[in-house]
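A.B. asks: Here it is, the structure, as structure tokens.
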Amino acid sequence: MPRPLVLVLGDQLSLALPSLRDLPANAVVALCEVSAEGRYVPHHPQKIALILAAMRHFAEALRKRGYRVHYSALDDPDNTQALVTEAQRLARLHACDEIRVVRPGEWRLWQAMREREHAALPWRLLEDDRFYTTPDDFAAWASGRRSLRMEYFYREQRRRSGLLMEGEEPAGGRWNLDHDNREPLPTGTPVPAPPHHRHDTTTRAVIALVAEHFGDHFGSLEGFHWPVTRRQALVDLRHFIEHLLPAFGRYQDAISDSEPFLFHSRLAAALNLGLLSPREVCEAAEREYHEGRAPLNSVEGFIRQVLGWREYVRGVYWTRMPDYKRGNALGARRGLPNFFWDGETEMRCLRRAIEMTRDNAYAHHIQRLMVTGNFALLCDVAPEALCDWYLAVYADACEWVELPNTLGMVLHADGGLMGSKPYCASGKYIDRMSDHCRHCRFDPKRVTGPDACPFNSLYWDFLERHAETLSTNPRMKLIYGSLSRMSEEKRNAMRDQAGAFLERLDAAPAYSHARGQGEHRAGYAGVEETPK
Ligand code: DLZ
Ligand code: SF4
């Protein structure tokens with residue numbers, strides 16, 4: 001009888017995983033902690049601790065259900081410290097004749113595994129059916145379309161799933177209530193605290209291990225509060241549904257100087273690791289609407305993220321890689337500013353977004369898109385530099401979801417495949433949506449002069465620099481109209497202001513962590529490294 005080794009990756013921690021079904025009794029299930037995965041970008045210590053703690057708990061859950069599990073711990077002396085070599089070592093150790101694995105979360109690993117499909121020890125790749133759509137479903141939807149707008153994909157997903165549908169029509173008569181999701185947070189609005197999960201001995205051991213091995217990475221381990229078991233993830237889901245969902249829609253785009261999580265679910269990490277399924281979270285949210293406990297703009301806004309956007313970016317990723325990763329439509333070349341690694345900037349909004357990232361391995365969608373992302377866009381930060389940062393610092397970042405969001409949505413580097421215009425904005429937007437500017441030494445209303453908010457001149461300078469590419473875009477017509485009506489004198493002053501800012505940015509001394517990136521990237525393939 002064939003004897004498979006089933007490799008379960010750190011973001012595949014679901015009992016419903018296709019590779020765990022119908023296994024012969026002699027099969028061995030392997031989970032492998034390897035340093036290559038922790039270092040190919042310098043992952044936030046909380047992210048590594050989350051994955052390793054969740055892997056250890058999942059291995060226990062599998063053992064309890066009778067699976068035969070081989071767990072390679074990070075400090076096992078025989079550990080080869082890379083996923084492909086480690087799986088091969090374990091397959092030989094247990095005399096297995098094939099390695100089965102579900103499609104991983106990154107093209108780099110998928111490619112390395114596919115190359116071994118016909119090797120002496122063959123790898124068998126299985127499709128991941130834990131999503132609403134497979135890459136083949138997405139390819140079928142995308143085929144023959146000139147534009148891949150999320151909105152049309154999302155409508156089809158609603159029809160297919162039946163979520164928030166009343167017959168053939170969307171519940172409430174509209175497909176998308178985004179316009180009702182843009183209120184700033186009134187001062188003094190109470191925000192419920194996130195659940196805190198008790199750390200058992202397994203989680204405590206992992207936190208100590210990560211501090212020892214990855215303590216040099218950007219990010220604090222203190223206040224680690226991520227759910228590391230399915231049971232804890234369900235507590236977070238219930239907390240979101242009961243305490244956050246009703247106000248989620250209204251304040252979805254709000255930013256707070258003091259509250260990192262607001263009414264956001266923080267469920268993406270648990271979803272992306274497999275502790276929760278997209279179906280159960282969407283259905284839980286939908287129930288709240290039907291039972292009158294949450295308004296449609298909240299429920300639709302949440303379901304759009306999970307059923308629409310999450311599936312859509314995954315489809316874009318798998319149907320466009322590896323070329324997608326090389327996209328740089330705006331020719332951006334600047335390195336990542338050093339303060340992304342320490343938060344040392346006078347720009348309050350950026351400082352707080354980076355500090356919150358350091359403390360929580362989390363920043364919410366609008367901080368990522370309109371603060372750090374917008375700044376990187378306006379400064380022509382190279383897509384690779386920003387994508388590596390987002391992949392490293394956020395607990396929920398797997399490349400399939402991070403790359404299209406960063407390269408496509410934030411940086412418009414895919415030439416508009418995903419977004420019809422770049423999400424560039426001046427300080428006015430941040431002032432409207434947050435209370436940061438009240439605490440900032442800059443003035444969001446000034447465009448030039450020593451106290452002017454840097455976002456303002458950077459914004460206009462960005463539009464000028466990229467006029468050739470962007471000014472013909474119908475959705476940018478209005479803003480280019482405003483630019484063209486400005487006096488030459490004003491435009492010169494803004495150009496000088498932005499130029500001086502960018503010069504200072506380039507002259508800032510390199511932060512040691514940023515220098516360390518070269519070493520991290522050298523092991524990027526992470527699959528064939530020499531065993532330590
Ligand atoms: C992100 C990550 C880290 C830090 N460590 C591990 C690990 O030790 N073992 C593992 O199986 N997975 C890890 N991961 C997640 C992998 O990078 C992910 O499973 C791949 O699918 C790439 O997306
Ligand atoms: Fe950010 Fe400008 Fe507001 Fe300061 S003034 S917080 S830099 S938007």
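Letters A, B, ... go to the chains of the structure tokens in the order shown; residues in each chain start at 1; ligands are counted from 1 in the same order.
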Kindly provide the residues of segment 134-241 of chain A that approach segment 260-273 of chain A to within 12 Å, each paired with its closest atom pair and their distance in Å to one decimal, based on only C-alpha atoms, listed by chain and increasing number, as JSON lines.
C.D. replies:
{"residue": "A:Asn181", "atom": "CA", "partner": "A:Phe263", "partner_atom": "CA", "distance": 11.9}
{"residue": "A:Pro184", "atom": "CA", "partner": "A:Leu262", "partner_atom": "CA", "distance": 11.1}
{"residue": "A:Leu185", "atom": "CA", "partner": "A:Leu262", "partner_atom": "CA", "distance": 9.0}
{"residue": "A:Pro186", "atom": "CA", "partner": "A:Leu262", "partner_atom": "CA", "distance": 11.9}
{"residue": "A:Thr189", "atom": "CA", "partner": "A:Leu262", "partner_atom": "CA", "distance": 9.8}
{"residue": "A:Pro190", "atom": "CA", "partner": "A:Leu262", "partner_atom": "CA", "distance": 9.1}
{"residue": "A:Val191", "atom": "CA", "partner": "A:Leu262", "partner_atom": "CA", "distance": 6.0}
{"residue": "A:Pro192", "atom": "CA", "partner": "A:Leu262", "partner_atom": "CA", "distance": 7.9}
{"residue": "A:Ala193", "atom": "CA", "partner": "A:Phe261", "partner_atom": "CA", "distance": 8.5}
{"residue": "A:Pro194", "atom": "CA", "partner": "A:Phe261", "partner_atom": "CA", "distance": 8.1}
{"residue": "A:Pro195", "atom": "CA", "partner": "A:Arg266", "partner_atom": "CA", "distance": 10.7}
{"residue": "A:His225", "atom": "CA", "partner": "A:Arg266", "partner_atom": "CA", "distance": 10.9}
{"residue": "A:Trp226", "atom": "CA", "partner": "A:Ala269", "partner_atom": "CA", "distance": 8.3}
{"residue": "A:Pro227", "atom": "CA", "partner": "A:Ala270", "partner_atom": "CA", "distance": 7.0}
{"residue": "A:Val228", "atom": "CA", "partner": "A:Ala270", "partner_atom": "CA", "distance": 8.0}
{"residue": "A:Thr229", "atom": "CA", "partner": "A:Ala270", "partner_atom": "CA", "distance": 8.8}
{"residue": "A:Arg230", "atom": "CA", "partner": "A:Ala270", "partner_atom": "CA", "distance": 8.2}
{"residue": "A:Arg231", "atom": "CA", "partner": "A:Ala270", "partner_atom": "CA", "distance": 10.8}
{"residue": "A:Gln232", "atom": "CA", "partner": "A:Ala270", "partner_atom": "CA", "distance": 9.4}
{"residue": "A:Ala233", "atom": "CA", "partner": "A:Ala270", "partner_atom": "CA", "distance": 6.2}
{"residue": "A:Leu234", "atom": "CA", "partner": "A:Ala270", "partner_atom": "CA", "distance": 9.3}
{"residue": "A:Val235", "atom": "CA", "partner": "A:Leu267", "partner_atom": "CA", "distance": 10.6}
{"residue": "A:Asp236", "atom": "CA", "partner": "A:Leu267", "partner_atom": "CA", "distance": 7.2}
{"residue": "A:Leu237", "atom": "CA", "partner": "A:Leu267", "partner_atom": "CA", "distance": 7.0}
{"residue": "A:Arg238", "atom": "CA", "partner": "A:Ser265", "partner_atom": "CA", "distance": 10.0}
{"residue": "A:His239", "atom": "CA", "partner": "A:Ser265", "partner_atom": "CA", "distance": 8.5}
{"residue": "A:Phe240", "atom": "CA", "partner": "A:Ser265", "partner_atom": "CA", "distance": 5.5}
{"residue": "A:Ile241", "atom": "CA", "partner": "A:Ser265", "partner_atom": "CA", "distance": 8.4}
A.B. asks: Show me which residues are within 8 Å of ligand 1 counting only C-alpha atoms and all ligand atoms, and format the list as an NGL selection string.
C.D. replies: :A and (8-12 or 31-39 or 43 or 47-49 or 51-52 or 55 or 74 or 83 or 103-109 or 398-400)
A.B. asks: How would you report the residues lying within 8 Å of ligand 2, as a PyMOL selection string, if you count only C-alpha atoms and all ligand atoms?
C.D. replies: chain A and resi 346-350+371+426-431+435-445+452-456
A.B. asks: Show me, as a ChimeraX atom specification, the residues that have an atom within 7 Å of Cys96 of chain A when counting only C-alpha atoms, minus same-chain residues fewer than 6 positions from it.
C.D. replies: /A:3-5
A.B. asks: Deliver the residues from the most recent selection as a file, using N, CA, C and O atoms, as a tab-separated table (two decimals), in the first residue's frame.
C.D. replies:
chain	number	residue	atom	x	y	z
A	3	ARG	N	2.50	4.77	0.86
A	3	ARG	CA	2.60	5.39	2.18
A	3	ARG	C	2.93	6.87	2.01
A	3	ARG	O	4.09	7.24	1.75
A	4	PRO	N	1.94	7.74	2.09
A	4	PRO	CA	2.21	9.17	1.85
A	4	PRO	C	2.70	9.89	3.10
A	4	PRO	O	2.32	9.54	4.22
A	5	LEU	N	3.54	10.89	2.86
A	5	LEU	CA	3.84	11.87	3.91
A	5	LEU	C	3.00	13.09	3.56
A	5	LEU	O	3.10	13.64	2.46
A.B. asks: Hey, what's within 9 Å of segment 278-290 of chain A if we count only C-alpha atoms and toss same-chain stuff fewer than 6 positions away? As number ranges by chain, please?
C.D. replies: A: 130-132, 163-164, 237-238, 241-242, 245-246, 267, 271, 296, 298-300, 302-303, 306-307
A.B. asks: Taking into account only C-alpha atoms, which residue in the set A:Arg149, A:Arg333, A:Arg326, A:His243 is nearest to Arg293 of chain A?
C.D. replies: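 Among the listed residues, the smallest separation from Arg293 of chain A belongs to A:His243.
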A.B. asks: If we count only C-alpha atoms, what is near Glu311 of chain A at a cut-off of 10 Å, once residues fewer than 5 positions away on the same chain are taken out, given as JSON, numbers by chain?
C.D. replies: {"A": [131, 132, 133, 134, 135, 138, 150, 153, 154, 157, 278, 304, 305, 306, 316, 317, 400, 401]}
A.B. asks: Which residues are close to His412 of chain A, i.e. within 10 Å by only C-alpha atoms, leaving aside same-chain residues fewer than 2 positions away? Reply as JSON, numbers by chain.
C.D. replies: {"A": [327, 328, 329, 330, 377, 383, 404, 405, 406, 407, 408, 409, 410, 414, 415, 416, 417, 418, 419, 420, 421, 422, 423, 424]}
A.B. asks: Please give the complete set of residues from segment 72-302 of chain A that DSSP, run on the backbone, assigns to alpha helix (DSSP H), formatted as a PyMOL selection string.
C.D. replies: chain A and resi 83-93+107-114+135-142+150-161+201-214+230-239+245-248+268-273+278-290+296-302
A.B. asks: Which of these, A:Leu391, A:Val84, A:Val29, A:Leu458, has the shortest distance to Ala500 of chain A once you count only C-alpha atoms?
C.D. replies: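 Between A:Leu391, A:Val84, A:Val29, A:Leu458, the residue approaching Ala500 of chain A most closely is A:Leu458.
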A.B. asks: Apply DSSP to the structure's backbone, then extract all residues of segment 121-239 of chain A labelled strand (DSSP E) and return them as a PyMOL selection string.
C.D. replies: chain A and resi 123-126+165-166+169-170
A.B. asks: With N, CA, C and O atoms retained, write the just-selected residues as a PDB file, in the first residue's frame.
C.D. replies:
ATOM      1  N   TRP A 123       6.173  14.604  -5.470  1.00  0.00           N
ATOM      2  CA  TRP A 123       5.292  15.492  -4.699  1.00  0.00           C
ATOM      3  C   TRP A 123       3.946  15.514  -5.389  1.00  0.00           C
ATOM      4  O   TRP A 123       3.877  15.681  -6.611  1.00  0.00           O
ATOM      5  N   ARG A 124       2.880  15.370  -4.623  1.00  0.00           N
ATOM      6  CA  ARG A 124       1.530  15.431  -5.204  1.00  0.00           C
ATOM      7  C   ARG A 124       0.832  16.668  -4.646  1.00  0.00           C
ATOM      8  O   ARG A 124       0.657  16.776  -3.426  1.00  0.00           O
ATOM      9  N   LEU A 125       0.494  17.580  -5.544  1.00  0.00           N
ATOM     10  CA  LEU A 125      -0.115  18.844  -5.113  1.00  0.00           C
ATOM     11  C   LEU A 125      -1.632  18.764  -5.205  1.00  0.00           C
ATOM     12  O   LEU A 125      -2.182  18.378  -6.238  1.00  0.00           O
ATOM     13  N   LEU A 126      -2.297  19.125  -4.134  1.00  0.00           N
ATOM     14  CA  LEU A 126      -3.772  19.091  -4.111  1.00  0.00           C
ATOM     15  C   LEU A 126      -4.318  20.511  -4.081  1.00  0.00           C
ATOM     16  O   LEU A 126      -3.691  21.407  -3.507  1.00  0.00           O
ATOM     17  N   MET A 165     -28.675  37.613  -0.415  1.00  0.00           N
ATOM     18  CA  MET A 165     -29.488  37.676  -1.625  1.00  0.00           C
ATOM     19  C   MET A 165     -30.958  37.532  -1.263  1.00  0.00           C
ATOM     20  O   MET A 165     -31.315  36.790  -0.339  1.00  0.00           O
ATOM     21  N   GLU A 166     -31.798  38.269  -2.003  1.00  0.00           N
ATOM     22  CA  GLU A 166     -33.242  38.071  -1.889  1.00  0.00           C
ATOM     23  C   GLU A 166     -33.706  37.668  -3.281  1.00  0.00           C
ATOM     24  O   GLU A 166     -33.871  38.523  -4.157  1.00  0.00           O
ATOM     25  N   GLU A 169     -32.037  39.328  -6.419  1.00  0.00           N
ATOM     26  CA  GLU A 169     -31.635  40.699  -6.090  1.00  0.00           C
ATOM     27  C   GLU A 169     -30.800  40.752  -4.806  1.00  0.00           C
ATOM     28  O   GLU A 169     -30.984  39.938  -3.910  1.00  0.00           O
ATOM     29  N   PRO A 170     -29.915  41.755  -4.708  1.00  0.00           N
ATOM     30  CA  PRO A 170     -29.150  41.886  -3.464  1.00  0.00           C
ATOM     31  C   PRO A 170     -30.052  42.350  -2.317  1.00  0.00           C
ATOM     32  O   PRO A 170     -30.955  43.159  -2.536  1.00  0.00           O
TER      33      PRO A 170
END
A.B. asks: One decimal, in Å: what's the spacing between atom CA of Leu403 of chain A and atom CA of Arg314 of chain A?
C.D. replies: 9.4 Å
A.B. asks: In Å to one decimal, how far is atom CA of Ile99 of chain A from atom CA of Ala119 of chain A?
C.D. replies: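 Computed distance, atom CA of Ala119 of chain A to atom CA of Ile99 of chain A, equals 10.6 Å.
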A.B. asks: Nearest to Ser19 of chain A: which of A:Ala82, A:Met433, A:Leu93, A:Val101 is it, counting only C-alpha atoms?
C.D. replies: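 Answer, going by the shortest atom-to-atom distance: A:Val101.
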A.B. asks: Using only C-alpha atoms, which protein or nucleic acid residues come within 9 Å of segment 202-208 of chain A? Drop anything in the same chain fewer than 4 positions from it, and give the result as a PyMOL selection string.
C.D. replies: chain A and resi 45-46+48-50+52-54+56-57+198+212-213+221+224+228
A.B. asks: Create the file for the chosen residues now, containing N, CA, C and O atoms and written as a CSV table (one decimal), in the first residue's frame.
C.D. replies:
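again-v2.csv, freshly written:
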chain,number,residue,atom,x,y,z
A,45,PRO,N,8.1,39.2,15.0
A,45,PRO,CA,8.2,38.1,16.0
A,45,PRO,C,6.8,37.6,16.4
A,45,PRO,O,6.6,36.4,16.6
A,46,GLN,N,5.8,38.5,16.4
A,46,GLN,CA,4.4,38.0,16.8
A,46,GLN,C,3.9,37.1,15.7
A,46,GLN,O,3.1,36.2,16.0
A,48,ILE,N,5.6,35.2,13.7
A,48,ILE,CA,6.3,33.9,13.8
A,48,ILE,C,5.7,33.1,15.0
A,48,ILE,O,5.4,31.9,14.9
A,49,ALA,N,5.6,33.8,16.1
A,49,ALA,CA,5.1,33.1,17.3
A,49,ALA,C,3.6,32.6,17.1
A,49,ALA,O,3.3,31.5,17.5
A,50,LEU,N,2.8,33.4,16.4
A,50,LEU,CA,1.5,33.0,16.1
A,50,LEU,C,1.5,31.7,15.3
A,50,LEU,O,0.8,30.7,15.6
A,52,LEU,N,3.9,29.4,14.7
A,52,LEU,CA,4.5,28.3,15.4
A,52,LEU,C,3.6,27.8,16.5
A,52,LEU,O,3.4,26.6,16.7
A,53,ALA,N,3.0,28.7,17.3
A,53,ALA,CA,2.1,28.2,18.4
A,53,ALA,C,0.9,27.6,17.8
A,53,ALA,O,0.5,26.5,18.3
A,54,ALA,N,0.4,28.1,16.7
A,54,ALA,CA,-0.8,27.5,16.1
A,54,ALA,C,-0.5,26.2,15.5
A,54,ALA,O,-1.2,25.2,15.6
A,56,ARG,N,1.9,24.1,16.6
A,56,ARG,CA,2.0,23.1,17.7
A,56,ARG,C,0.7,22.7,18.3
A,56,ARG,O,0.5,21.5,18.6
A,57,HIS,N,-0.2,23.6,18.4
A,57,HIS,CA,-1.5,23.2,18.9
A,57,HIS,C,-2.3,22.4,17.9
A,57,HIS,O,-3.0,21.4,18.3
A,198,ARG,N,-5.4,33.4,27.2
A,198,ARG,CA,-4.4,32.9,28.2
A,198,ARG,C,-3.3,32.1,27.4
A,198,ARG,O,-3.7,31.4,26.5
A,212,GLU,N,14.3,34.2,21.3
A,212,GLU,CA,15.7,33.8,21.2
A,212,GLU,C,16.2,33.8,19.7
A,212,GLU,O,17.3,34.3,19.4
A,213,HIS,N,15.4,33.3,18.8
A,213,HIS,CA,15.8,33.1,17.4
A,213,HIS,C,15.5,34.3,16.5
A,213,HIS,O,16.2,34.5,15.5
A,221,LEU,N,7.2,41.5,21.0
A,221,LEU,CA,6.5,40.3,21.3
A,221,LEU,C,5.5,40.5,22.5
A,221,LEU,O,4.7,39.7,22.8
A,224,PHE,N,1.4,39.9,23.1
A,224,PHE,CA,1.0,38.9,22.0
A,224,PHE,C,-0.5,38.5,22.4
A,224,PHE,O,-0.7,38.0,23.5
A,228,VAL,N,-4.4,31.2,18.9
A,228,VAL,CA,-3.5,30.2,18.4
A,228,VAL,C,-4.2,28.8,18.3
A,228,VAL,O,-3.5,27.9,17.9
A.B. asks: One decimal, Å: what's the distance from atom CA of Ala87 of chain A over to atom CA of Leu7 of chain A, could you say?
C.D. replies: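 Atom-to-atom, atom CA of Ala87 of chain A to atom CA of Leu7 of chain A, that is 6.7 Å.
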A.B. asks: Which one is closest to Asp257 of chain A: A:Thr80, A:Ser484, A:Ser471, A:Ser434? Count only C-alpha atoms.
C.D. replies: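 The answer is A:Ser434, which sits nearest to Asp257 of chain A.
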